[in-house]
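Visitor: Contents of input-v3.cif (mmCIF, C-alpha atoms) are below:
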data_final
loop_
_atom_site.label_atom_id
_atom_site.label_comp_id
_atom_site.auth_asym_id
_atom_site.auth_seq_id
_atom_site.Cartn_x
_atom_site.Cartn_y
_atom_site.Cartn_z
CA MET C 1 -17.36 25.53 4.78
CA TYR C 2 -17.14 23.49 1.60
CA VAL C 3 -15.82 19.96 1.37
CA TYR C 4 -14.27 18.79 -1.88
CA ILE C 5 -13.59 15.11 -2.45
CA LEU C 6 -11.21 14.26 -5.27
CA GLY C 7 -12.23 10.84 -6.50
CA GLY C 8 -10.40 8.88 -9.12
CA PHE C 9 -8.29 5.87 -9.78
CA LEU C 10 -4.67 5.41 -8.68
CA GLY C 11 -2.39 7.72 -10.61
CA SER C 12 -5.18 9.74 -12.20
CA GLY C 13 -3.76 13.04 -10.93
CA LYS C 14 -5.65 13.65 -7.70
CA THR C 15 -2.64 14.89 -5.72
CA THR C 16 -1.56 17.29 -8.46
CA LEU C 17 -5.06 18.75 -8.64
CA LEU C 18 -5.18 18.95 -4.86
CA MET C 19 -1.98 20.99 -4.82
CA LYS C 20 -3.30 23.29 -7.53
CA LEU C 21 -6.54 23.87 -5.62
CA ALA C 22 -4.78 24.32 -2.28
CA SER C 23 -2.39 26.81 -3.86
CA LYS C 24 -5.21 28.75 -5.50
CA TYR C 25 -7.30 29.02 -2.36
CA SER C 26 -4.34 29.79 -0.10
CA GLN C 27 -3.36 32.65 -2.42
CA GLU C 28 -6.91 33.95 -2.14
CA GLY C 29 -6.48 34.03 1.63
CA LYS C 30 -8.81 31.15 2.34
CA LYS C 31 -8.16 28.67 5.08
CA VAL C 32 -7.66 25.24 3.53
CA ALA C 33 -7.44 21.90 5.34
CA ILE C 34 -6.22 18.81 3.53
CA ILE C 35 -6.83 15.15 4.25
CA VAL C 36 -4.89 12.56 2.28
CA ASN C 37 -5.57 8.87 2.51
CA GLU C 38 -3.20 6.07 1.50
CA ALA C 39 -4.12 2.44 1.03
CA GLY C 40 -0.80 1.23 2.41
CA GLU C 41 1.09 1.83 5.61
CA ILE C 42 3.72 3.89 3.81
CA GLY C 43 2.58 7.04 2.08
CA VAL C 44 4.25 9.53 -0.21
CA ASP C 45 1.56 12.15 -0.76
CA GLY C 46 2.00 13.61 2.74
CA ALA C 47 5.71 14.13 2.04
CA THR C 48 4.92 15.58 -1.39
CA LEU C 49 2.48 18.06 0.09
CA LYS C 50 4.89 18.97 2.87
CA ALA C 51 7.63 19.56 0.31
CA GLY C 52 5.18 21.86 -1.46
CA GLY C 53 4.62 23.80 1.75
CA TYR C 54 1.23 22.32 2.68
CA ASP C 55 0.30 20.67 5.92
CA ALA C 56 -1.93 17.70 5.41
CA ILE C 57 -3.52 15.17 7.70
CA GLU C 58 -2.46 11.73 6.55
CA LEU C 59 -4.71 8.76 7.06
CA PRO C 60 -2.70 5.74 5.97
CA ASN C 61 -3.21 2.01 5.90
CA GLY C 62 -6.74 1.55 4.67
CA CYS C 63 -9.49 3.29 2.87
CA ILE C 64 -11.53 6.13 4.33
CA CYS C 65 -14.65 5.00 2.52
CA CYS C 66 -14.73 1.71 4.43
CA SER C 67 -12.04 0.45 6.78
CA LEU C 68 -11.00 3.92 8.01
CA SER C 69 -14.48 5.44 8.02
CA GLY C 70 -14.39 6.15 11.76
CA THR C 71 -10.92 7.66 11.50
CA LEU C 72 -12.13 10.00 8.77
CA GLN C 73 -15.08 11.17 10.83
CA ASN C 74 -12.84 11.85 13.83
CA ALA C 75 -10.39 13.76 11.62
CA LEU C 76 -13.19 15.87 10.18
CA LYS C 77 -14.50 16.73 13.64
CA SER C 78 -10.99 17.70 14.80
CA ILE C 79 -10.45 19.89 11.74
CA LYS C 80 -13.77 21.60 12.27
CA SER C 81 -13.10 22.32 15.94
CA ASP C 82 -9.37 23.12 15.73
CA ILE C 83 -9.02 24.89 12.37
CA ASP C 84 -12.53 25.71 11.21
CA PRO C 85 -11.39 26.07 7.60
CA ASP C 86 -13.19 27.59 4.63
CA ILE C 87 -12.47 24.52 2.56
CA ILE C 88 -11.60 20.91 3.32
CA ILE C 89 -10.08 18.98 0.43
CA ILE C 90 -10.15 15.22 0.83
CA GLU C 91 -8.06 12.95 -1.34
CA PRO C 92 -9.15 9.35 -0.80
CA THR C 93 -7.03 6.47 -2.07
CA GLY C 94 -7.32 5.67 -5.73
CA LEU C 95 -9.19 2.55 -4.71
CA ALA C 96 -11.90 4.33 -2.74
CA LEU C 97 -15.50 4.88 -3.63
CA PRO C 98 -15.85 8.68 -3.32
CA HIS C 99 -19.64 8.73 -2.95
CA LYS C 100 -19.20 6.70 0.23
CA VAL C 101 -16.74 9.30 1.51
CA ALA C 102 -19.35 11.97 0.79
CA ASP C 103 -21.90 9.99 2.82
CA LEU C 104 -19.46 9.85 5.71
CA VAL C 105 -18.93 13.62 5.56
CA HIS C 106 -22.70 14.05 5.82
CA ILE C 107 -22.97 11.92 8.94
CA SER C 108 -19.85 13.33 10.63
CA MET C 109 -21.75 16.30 12.10
CA ILE C 110 -19.40 18.96 10.71
CA ASP C 111 -22.30 20.56 8.89
CA PRO C 112 -20.65 21.74 5.66
CA ASP C 113 -22.40 24.13 3.27
CA GLU C 114 -21.87 21.59 0.55
CA THR C 115 -19.93 18.43 -0.18
CA ILE C 116 -18.79 18.09 -3.76
CA VAL C 117 -17.17 15.08 -5.38
CA ILE C 118 -14.91 15.77 -8.36
CA GLY C 119 -14.28 12.71 -10.49
CA ILE C 120 -10.90 12.40 -12.20
CA ALA C 121 -10.14 9.97 -14.99
CA ASP C 122 -6.79 9.43 -16.66
CA ILE C 123 -6.91 9.53 -20.46
CA GLU C 124 -3.63 7.64 -20.78
CA ARG C 125 -4.84 4.48 -19.13
CA PHE C 126 -8.51 4.93 -19.74
CA LYS C 127 -8.84 1.95 -22.07
CA ASP C 128 -6.87 -0.38 -19.80
CA LEU C 129 -8.91 0.62 -16.80
CA ILE C 130 -12.23 0.15 -18.58
CA LYS C 131 -11.05 -3.17 -19.93
CA LYS C 132 -10.02 -4.51 -16.52
CA LYS C 133 -12.15 -2.67 -13.97
CA GLU C 134 -15.10 -1.12 -15.75
CA GLU C 135 -17.63 -1.69 -12.98
CA PHE C 136 -15.33 -0.41 -10.27
CA PHE C 137 -14.46 2.68 -12.30
CA LYS C 138 -18.13 3.40 -12.91
CA ARG C 139 -18.79 3.14 -9.19
CA GLN C 140 -15.91 5.53 -8.55
CA MET C 141 -17.36 8.14 -10.90
CA HIS C 142 -20.93 7.51 -9.78
CA GLY C 143 -21.28 10.31 -7.21
CA SER C 144 -19.24 12.96 -9.04
CA GLU C 145 -20.56 16.44 -9.66
CA PHE C 146 -18.47 16.57 -12.85
CA ILE C 147 -15.67 14.50 -14.35
CA LEU C 148 -12.20 15.70 -15.33
CA LEU C 149 -10.46 13.82 -18.09
CA ASN C 150 -6.90 14.44 -16.99
CA LYS C 151 -3.55 14.22 -18.81
CA CYS C 152 -5.08 15.38 -22.06
CA ASP C 153 -1.65 16.75 -23.00
CA LEU C 154 -0.55 13.11 -23.37
CA ALA C 155 -3.60 11.96 -25.35
CA LYS C 156 -3.21 10.51 -28.81
CA ASN C 157 -5.45 11.51 -31.70
CA GLY C 158 -9.11 10.75 -31.03
CA GLU C 159 -8.56 9.44 -27.50
CA ILE C 160 -10.18 12.39 -25.76
CA GLU C 161 -13.26 12.24 -27.99
CA GLU C 162 -13.56 8.49 -27.53
CA ALA C 163 -13.24 8.64 -23.74
CA THR C 164 -15.59 11.62 -23.50
CA ALA C 165 -18.21 9.80 -25.56
CA TRP C 166 -17.95 6.75 -23.31
CA LEU C 167 -18.26 8.84 -20.16
CA LYS C 168 -21.20 10.82 -21.55
CA HIS C 169 -22.91 7.58 -22.45
CA GLN C 170 -22.43 6.19 -18.94
CA PHE C 171 -23.09 9.45 -17.10
CA PRO C 172 -25.32 11.62 -19.31
CA ASP C 173 -25.99 14.09 -16.50
CA LYS C 174 -22.33 14.83 -15.77
CA GLU C 175 -20.16 17.35 -17.54
CA VAL C 176 -16.84 15.95 -18.79
CA ILE C 177 -13.94 18.41 -18.92
CA PRO C 178 -10.65 17.44 -20.59
CA VAL C 179 -7.85 18.97 -18.51
CA SER C 180 -4.17 18.74 -17.87
CA ASN C 181 -3.28 19.29 -14.25
CA LYS C 182 0.33 19.41 -15.31
CA THR C 183 0.11 22.09 -18.01
CA GLY C 184 -2.89 23.84 -16.49
CA GLU C 185 -5.00 23.36 -19.63
CA ASN C 186 -8.70 23.98 -18.93
CA LEU C 187 -8.16 24.30 -15.18
CA ASP C 188 -9.85 27.71 -15.37
CA LYS C 189 -13.04 25.83 -16.32
CA VAL C 190 -12.62 23.70 -13.21
CA TYR C 191 -12.15 26.74 -10.99
CA GLU C 192 -15.30 28.24 -12.47
CA LYS C 193 -17.25 25.22 -11.37
CA MET C 194 -15.95 25.40 -7.83
CA LYS C 195 -18.39 26.97 -5.45
CA VAL C 196 -15.92 28.83 -3.26
CA MET V 1 4.99 -28.05 24.32
CA PHE V 2 3.52 -30.13 27.11
CA GLY V 3 4.54 -29.09 30.58
CA LYS V 4 5.62 -25.64 29.56
CA ASP V 5 4.22 -22.69 31.35
CA LYS V 6 2.30 -19.96 29.54
CA LYS V 7 5.30 -17.67 29.17
CA GLU V 8 7.34 -20.41 27.53
CA LYS V 9 4.45 -21.22 25.24
CA ASP V 10 4.17 -17.59 24.23
CA THR V 11 7.88 -17.46 23.49
CA ALA V 12 7.59 -20.57 21.38
CA LYS V 13 4.68 -19.03 19.55
CA GLU V 14 6.73 -15.97 18.73
CA SER V 15 9.13 -18.16 16.81
CA GLU V 16 6.33 -19.19 14.52
CA CYS V 17 6.31 -18.02 10.98
CA HIS V 18 4.03 -15.11 10.30
CA CYS V 19 4.22 -15.27 6.54
CA HIS V 20 0.95 -14.07 5.03
CA GLU V 21 -0.16 -12.68 8.33
CA HIS V 22 -0.37 -8.97 8.74
CA HIS V 23 1.38 -6.82 11.26
CA HIS V 24 -0.60 -3.71 11.81
CA HIS V 25 -0.69 -1.70 14.90
CA HIS V 26 -4.05 -2.10 16.47
CA ASP V 27 -6.19 0.44 18.23
CA ASP V 28 -6.99 0.36 21.89
CA ASP V 29 -9.89 -1.94 21.28
CA GLY V 30 -7.36 -4.63 20.46
CA GLU V 31 -9.03 -5.41 17.19
CA CYS V 32 -7.28 -5.18 13.91
CA HIS V 33 -8.76 -2.60 11.55
CA CYS V 34 -6.83 -3.51 8.49
CA PRO V 35 -8.99 -3.82 5.37
CA GLU V 36 -8.75 -7.59 5.42
CA CYS V 37 -9.92 -7.93 9.02
CA GLU V 38 -12.60 -5.31 8.63
CA ALA V 39 -13.84 -7.12 5.59
CA LYS V 40 -13.89 -10.41 7.47
CA ARG V 41 -15.67 -8.85 10.42
CA ASN V 42 -18.26 -7.04 8.37
CA GLY V 43 -18.65 -9.77 5.85
CA LYS V 44 -18.28 -7.13 3.12
CA PRO V 45 -15.27 -6.66 0.89
CA THR V 46 -13.55 -3.29 1.20
CA SER V 47 -13.24 -1.08 -1.84
CA ILE V 48 -9.58 -2.07 -2.06
CA ALA V 49 -10.57 -5.73 -2.13
CA GLN V 50 -13.32 -5.02 -4.66
CA ALA V 51 -10.82 -3.38 -6.97
CA GLY V 52 -8.24 -6.13 -6.49
CA GLY V 53 -5.81 -3.57 -5.15
CA ALA V 54 -2.49 -4.20 -3.50
CA SER V 55 -0.19 -1.80 -1.76
CA ALA V 56 3.28 -2.05 -0.31
CA GLY V 57 5.81 0.36 1.03
CA LEU V 58 9.32 0.69 2.36
CA THR V 59 10.95 3.48 4.31
CA GLY V 60 14.48 4.18 5.43
CA ILE V 61 17.46 6.49 5.27
CA ILE V 62 19.73 7.05 2.29
CA GLU V 63 23.39 7.70 3.06
CA GLY V 64 24.78 10.24 0.63
CA PHE V 65 22.01 11.55 -1.58
CA ASN V 66 22.93 12.93 -5.00
CA ALA V 67 21.79 12.83 -8.64
CA ASP V 68 23.12 9.28 -9.00
CA VAL V 69 20.89 8.06 -6.17
CA GLU V 70 17.91 9.78 -7.77
CA ALA V 71 18.67 8.05 -11.08
CA ARG V 72 19.04 4.69 -9.32
CA PHE V 73 15.69 5.14 -7.59
CA ASP V 74 14.26 5.83 -11.02
CA LYS V 75 15.49 2.40 -12.13
CA VAL V 76 14.12 0.73 -9.00
CA MET V 77 10.71 2.15 -9.80
CA ILE V 78 10.90 1.08 -13.43
CA ARG V 79 11.83 -2.46 -12.35
CA THR V 80 8.88 -2.45 -9.94
CA GLY V 81 6.59 -1.24 -12.71
CA GLU V 82 7.88 -3.92 -15.06
CA TYR V 83 7.27 -6.55 -12.42
CA VAL V 84 3.66 -5.36 -11.96
CA GLN V 85 3.13 -5.24 -15.72
CA HIS V 86 4.47 -8.76 -16.04
CA GLU V 87 2.29 -10.08 -13.23
CA ALA V 88 -0.93 -8.17 -13.88
CA GLY V 89 -0.76 -7.64 -17.64
CA CYS V 90 -0.57 -3.87 -17.30
CA LEU V 91 0.48 -1.30 -14.78
CA LEU V 92 -2.68 0.10 -13.30
CA GLY V 93 -1.79 2.14 -10.27
CA HIS V 94 1.18 4.18 -9.21
CA ILE V 95 4.63 3.74 -7.81
CA LYS V 96 5.98 6.67 -5.86
CA VAL V 97 9.12 7.69 -4.03
CA ALA V 98 9.59 10.68 -1.77
CA ILE V 99 13.13 11.62 -0.74
CA TYR V 100 13.19 14.35 1.84
CA GLN V 101 14.98 15.92 4.73
CA GLU V 102 13.85 16.59 8.27
CA ASP V 103 12.39 19.96 7.34
CA GLY V 104 10.18 18.31 4.73
CA LYS V 105 12.02 19.63 1.69
CA GLY V 106 12.62 17.05 -0.94
CA ILE V 107 11.68 15.43 -4.21
CA THR V 108 8.93 13.14 -5.38
CA LEU V 109 9.26 10.53 -8.11
CA ASN V 110 6.10 9.20 -9.66
CA LEU V 111 5.56 6.34 -12.08
CA THR V 112 2.16 5.58 -13.57
CA ASP V 113 3.11 4.61 -17.10
CA LEU V 114 6.21 2.73 -18.18
CA ASP V 115 6.27 4.36 -21.62
CA ASN V 116 6.38 7.82 -20.10
CA GLY V 117 8.89 6.86 -17.43
CA VAL V 118 9.31 8.34 -13.99
CA GLU V 119 8.24 11.92 -13.35
CA HIS V 120 10.56 13.89 -11.09
CA HIS V 121 9.15 16.74 -9.02
CA GLY V 122 11.09 19.21 -6.91
CA THR V 123 14.77 19.52 -6.21
CA LEU V 124 16.99 18.33 -3.41
CA ASP V 125 20.62 19.32 -3.15
CA PRO V 126 23.20 16.60 -2.52
CA CYS V 127 23.29 15.82 1.17
CA GLU V 128 24.83 13.40 3.62
CA SER V 129 21.57 11.66 4.39
CA ALA V 130 17.91 11.85 3.48
CA LYS V 131 14.81 9.88 4.33
CA TYR V 132 12.87 8.03 1.69
CA ASN V 133 9.37 6.59 1.34
CA PHE V 134 8.95 4.09 -1.47
CA MET V 135 5.44 2.85 -2.12
CA ALA V 136 3.35 1.13 -4.75
CA ALA V 137 -0.42 0.87 -4.98
CA VAL V 138 -1.43 -1.23 -7.95
CA LEU V 139 -3.90 -3.81 -9.13
CA ASP V 140 -3.86 -7.56 -9.51
CA VAL V 141 -0.62 -8.52 -7.80
CA ASP V 142 0.03 -10.13 -4.44
CA SER V 143 0.95 -7.41 -1.96
CA HIS V 144 3.47 -9.60 -0.20
CA GLU V 145 5.22 -10.50 -3.43
CA LEU V 146 5.12 -6.86 -4.47
CA GLU V 147 6.83 -5.75 -1.28
CA HIS V 148 9.33 -8.55 -1.54
CA HIS V 149 10.29 -7.52 -5.08
CA MET V 150 10.46 -3.86 -4.16
CA MET V 151 12.88 -4.71 -1.39
CA HIS V 152 15.10 -6.75 -3.68
CA PHE V 153 15.05 -4.11 -6.44
CA LEU V 154 16.12 -1.54 -3.86
CA GLU V 155 18.83 -3.79 -2.46
CA ASP V 156 20.14 -4.56 -5.94
CA SER V 157 20.19 -0.90 -6.94
CA GLY V 158 23.46 -0.08 -5.21
CA ILE V 159 21.84 2.75 -3.28
CA ASP V 160 23.47 3.07 0.11
CA CYS V 161 20.38 2.93 2.27
CA ASN V 162 18.76 0.99 5.04
CA ILE V 163 15.24 -0.40 5.04
CA ASP V 164 13.24 0.29 8.18
CA GLN V 165 10.78 -2.49 7.69
CA PRO V 166 12.26 -5.13 5.44
CA HIS V 167 8.84 -6.55 4.73
CA HIS V 168 6.77 -8.01 7.44
CA HIS V 169 8.05 -11.52 7.84
CA HIS V 170 9.89 -12.71 10.82
CA HIS V 171 12.91 -14.47 9.46
CA ASP V 172 14.07 -17.09 11.87
CA HIS V 173 17.46 -18.69 11.93
CA GLY V 174 19.79 -16.60 9.88
CA GLU V 175 17.23 -14.15 8.55
CA GLU V 176 16.01 -16.39 5.79
CA CYS V 177 12.91 -15.30 3.96
CA HIS V 178 10.01 -17.73 3.84
CA CYS V 179 8.04 -16.13 1.05
CA ALA V 180 6.83 -18.42 -1.73
CA GLU V 181 9.65 -17.50 -4.07
CA CYS V 182 12.41 -18.00 -1.53
CA GLU V 183 10.82 -21.21 -0.34
CA ALA V 184 10.74 -22.55 -3.86
CA GLU V 185 14.42 -21.84 -4.22
CA ARG V 186 15.25 -23.91 -1.21
CA GLU V 187 14.37 -27.34 -2.42
CA HIS V 188 13.35 -29.81 0.27
CA GLU V 189 13.64 -27.22 2.95
CA HIS V 190 10.28 -26.73 4.51
CA HIS V 191 9.49 -24.30 7.22
CA HIS V 192 6.37 -25.31 8.97
CA HIS V 193 5.71 -24.11 12.40
CA HIS V 194 3.75 -26.70 14.23
CA GLU V 195 1.51 -25.47 16.92
CA ASP V 196 0.25 -28.68 18.39
CA GLY V 197 2.99 -30.87 19.69
CA GLU V 198 5.43 -29.62 17.10
CA GLU V 199 5.03 -32.74 14.99
CA CYS V 200 5.67 -32.67 11.31
CA HIS V 201 3.79 -34.95 8.95
CA CYS V 202 5.30 -34.00 5.68
CA HIS V 203 7.44 -36.24 3.51
CA ASP V 204 7.56 -38.92 6.22
CA HIS V 205 11.01 -37.77 7.11
CA GLU V 206 12.72 -39.39 4.20
CA HIS V 207 15.08 -36.48 4.12
CA GLU V 208 16.71 -34.17 6.52
CA HIS V 209 14.07 -31.81 7.67
CA HIS V 210 14.39 -28.20 8.59
CA HIS V 211 11.81 -27.33 11.11
CA HIS V 212 12.04 -24.54 13.52
CA HIS V 213 12.06 -26.15 16.88
CA ASP V 214 11.33 -24.88 20.31
CA ASP V 215 13.88 -23.34 22.55
CA ASP V 216 15.26 -26.74 23.54
CA GLY V 217 16.55 -27.07 19.97
CA GLU V 218 15.23 -30.60 19.62
CA CYS V 219 12.86 -31.87 17.01
CA HIS V 220 9.60 -33.15 18.39
CA CYS V 221 8.32 -34.89 15.33
CA ALA V 222 6.97 -38.42 15.86
CA GLU V 223 10.01 -40.09 14.36
CA CYS V 224 12.54 -38.16 16.40
CA GLU V 225 10.56 -38.58 19.59
CA ALA V 226 10.39 -42.38 19.06
CA LYS V 227 14.09 -42.54 18.30
CA ARG V 228 14.94 -40.56 21.38
CA LYS V 229 12.71 -42.70 23.55
CA GLU V 230 14.30 -45.83 22.23
CA GLU V 231 17.81 -44.57 22.82
CA THR V 232 17.08 -43.58 26.37
CA ASP V 233 14.97 -46.63 27.27
CA PRO V 234 16.71 -48.19 30.32
CA LYS V 235 15.04 -51.56 29.70
CA LYS V 236 16.99 -52.09 26.50
CA SER V 237 20.58 -53.25 26.67
CA PHE V 238 23.41 -51.77 24.66
CA LEU V 239 23.32 -54.92 22.48
CA ASP V 240 19.63 -54.42 21.68
CA LYS V 241 20.33 -50.86 20.61
CA PHE V 242 23.32 -52.00 18.54
CA LYS V 243 21.24 -54.69 16.82
CA LYS V 244 18.51 -52.20 16.03
CA LYS V 245 21.01 -49.75 14.61
CA LYS V 246 22.54 -52.49 12.43
CA GLU V 247 19.11 -53.44 11.09
#
Would you encode the structure as structure tokens?
Guide:
Amino acid sequence: MYVYILGGFLGSGKTTLLMKLASKYSQEGKKVAIIVNEAGEIGVDGATLKAGGYDAIELPNGCICCSLSGTLQNALKSIKSDIDPDIIIIEPTGLALPHKVADLVHISMIDPDETIVIGIADIERFKDLIKKKEEFFKRQMHGSEFILLNKCDLAKNGEIEEATAWLKHQFPDKEVIPVSNKTGENLDKVYEKMKV
Amino acid sequence: MFGKDKKEKDTAKESECHCHEHHHHHDDDGECHCPECEAKRNGKPTSIAQAGGASAGLTGIIEGFNADVEARFDKVMIRTGEYVQHEAGCLLGHIKVAIYQEDGKGITLNLTDLDNGVEHHGTLDPCESAKYNFMAAVLDVDSHELEHHMMHFLEDSGIDCNIDQPHHHHHDHGEECHCAECEAEREHEHHHHHEDGEECHCHDHEHEHHHHHDDDGECHCAECEAKRKEETDPKKSFLDKFKKKKE
């Protein structure tokens, strides 16, 4: 069993990627379990996934990396015992620190083959985010296996190169892949990097 | 408050204003696990607090869903985004709406960038009623104010819908809202809830005050208590009271 954690800021495209991955793996006949986390009491992602034909476990009203850490561990144990999936995809809130979620997966006793954090950054608001929350963003990307620079279909001239250079400077050991979850651009490269 | 039994005290407490308090459902341990309380308990800020995040949401039922309602929700989201941009300097976060039926089929509207507008996903045929979830998770705004504005944008939209949880204040006496903005609009009307002895010490009672009183409907501020005592004092004659009143 592999656990994928989609880490990235609010609105970076985590849910869209989640649906693409869930669709891909379901078509391949793999058993996929989904956990979505919302910072507020009212969520939308659960409804979105349901409308798309996916059943997801919703953990609202807090963050699974800190205030809902116990809830996450219980959910993981239940999934393991009740569903025993091939893949668990976790979408934390856009304000979570994904490496902390990965730590919680490790101590939850579900014994996955591997836990992989995929970092997602949004090219459209990259500059604004760096300007206002650079340290937080860096902490979000910190534990990622690789970083997707999403919404590249909306990028202006030179924006992708500029953002990629910044990310490579901050995280020299991480591959940066410009993608568009919407158009599907470069998603084949992402699938290649997946270990399932 | 004095002389009341515990039940009466509890009832009086319920009439207190809970502005800025939170109203989560707690686990069996009786402790609140909201990010704020967890942060207080642990002495560490949550990731949401570290990022300066705020979230708010409304749910309810739309009567008569069609393309017009979808377009109006679009405008509600844009107004919410504009409010966040105005308050925080830029819209960092997302504003989402899901409109769906019992079987889960429905549409999702997503706003992350005001220039690009609202993205619409899925289709939903016109129907007599549909549920909606309307949420925002953004940075650098007050979550209470955010929810308050979202509610007003939705109310002003002309969409025929109800709101399950019209934000988390308890509006006493005629459903008035006691948020900062509404309070500011009501000049000289203050809404303190006094726990100890129900006395008010603001403005020295130079004006008519608007406290929420206990079930007996009387004001227990020092001035009113003294006045009442004087009026009911059997030792004073009618003439004494008349003289005092004339003074």
Visitor: Name the residues that the PyMOL selection byres ((chain V) within 9 of (chain C)) pulls out of this structure, and write them as a PyMOL selection string.
Guide: chain V and resi 24+33-39+46-59+90-100+103-108+110-113+121-122+132-138
Visitor: For atom CA of Gln73 of chain C and atom CA of Lys31 of chain C, determine how far apart the two atoms are, in Å to one decimal place.
Guide: 19.7 Å
Visitor: Translate the PyMOL selection byres ((chain C and resi 18) around 9) into a concrete residue list for this structure, as a VMD selection string.
Guide: chain C and resid 6 13 to 17 19 to 23 34 89 to 91
Visitor: Using all atoms listed in the file, determine which residues lie at most 9 Å from Ile5 of chain C, disregarding the query and same-chain residues fewer than 6 positions distant; provide the list as a list in words.
Guide: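 Listed by chain and then number, they are Ile88, Ile89, Ile90, Glu91, Pro92, Pro98, His99, Val101, Ala102, Thr115, Ile116, Val117, Ile118, Gly119 and Ser144 of chain C.
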Visitor: Report the distance between atom CA of Arg79 of chain V and atom CA of Glu58 of chain C in Å, rounded to one decimal place.
Guide: 27.6 Å
Visitor: To test the calculation: enclose all listed atoms of segment 155-168 of chain C in a box whose edges run along x, y and z, add 5 Å on each side, then state centre and edge lengths in Å to one decimal, as lines of an AutoDock Vina configuration file.
Guide:
center_x = -12.2
center_y = 9.6
center_z = -25.9
size_x = 28.0
size_y = 15.6
size_z = 21.5
Visitor: Report the distance between atom CA of Leu149 of chain C and atom CA of Val36 of chain C in Å, rounded to one decimal place.
Guide: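 Those two atoms sit 21.2 Å apart.
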Visitor: Could you expand the PyMOL selection byres ((chain C and resi 164-167) around 10) into the explicit residues it covers here, written as a PyMOL selection string?
Guide: chain C and resi 121+123+130+138+141+147-149+158-163+168-172+174-178
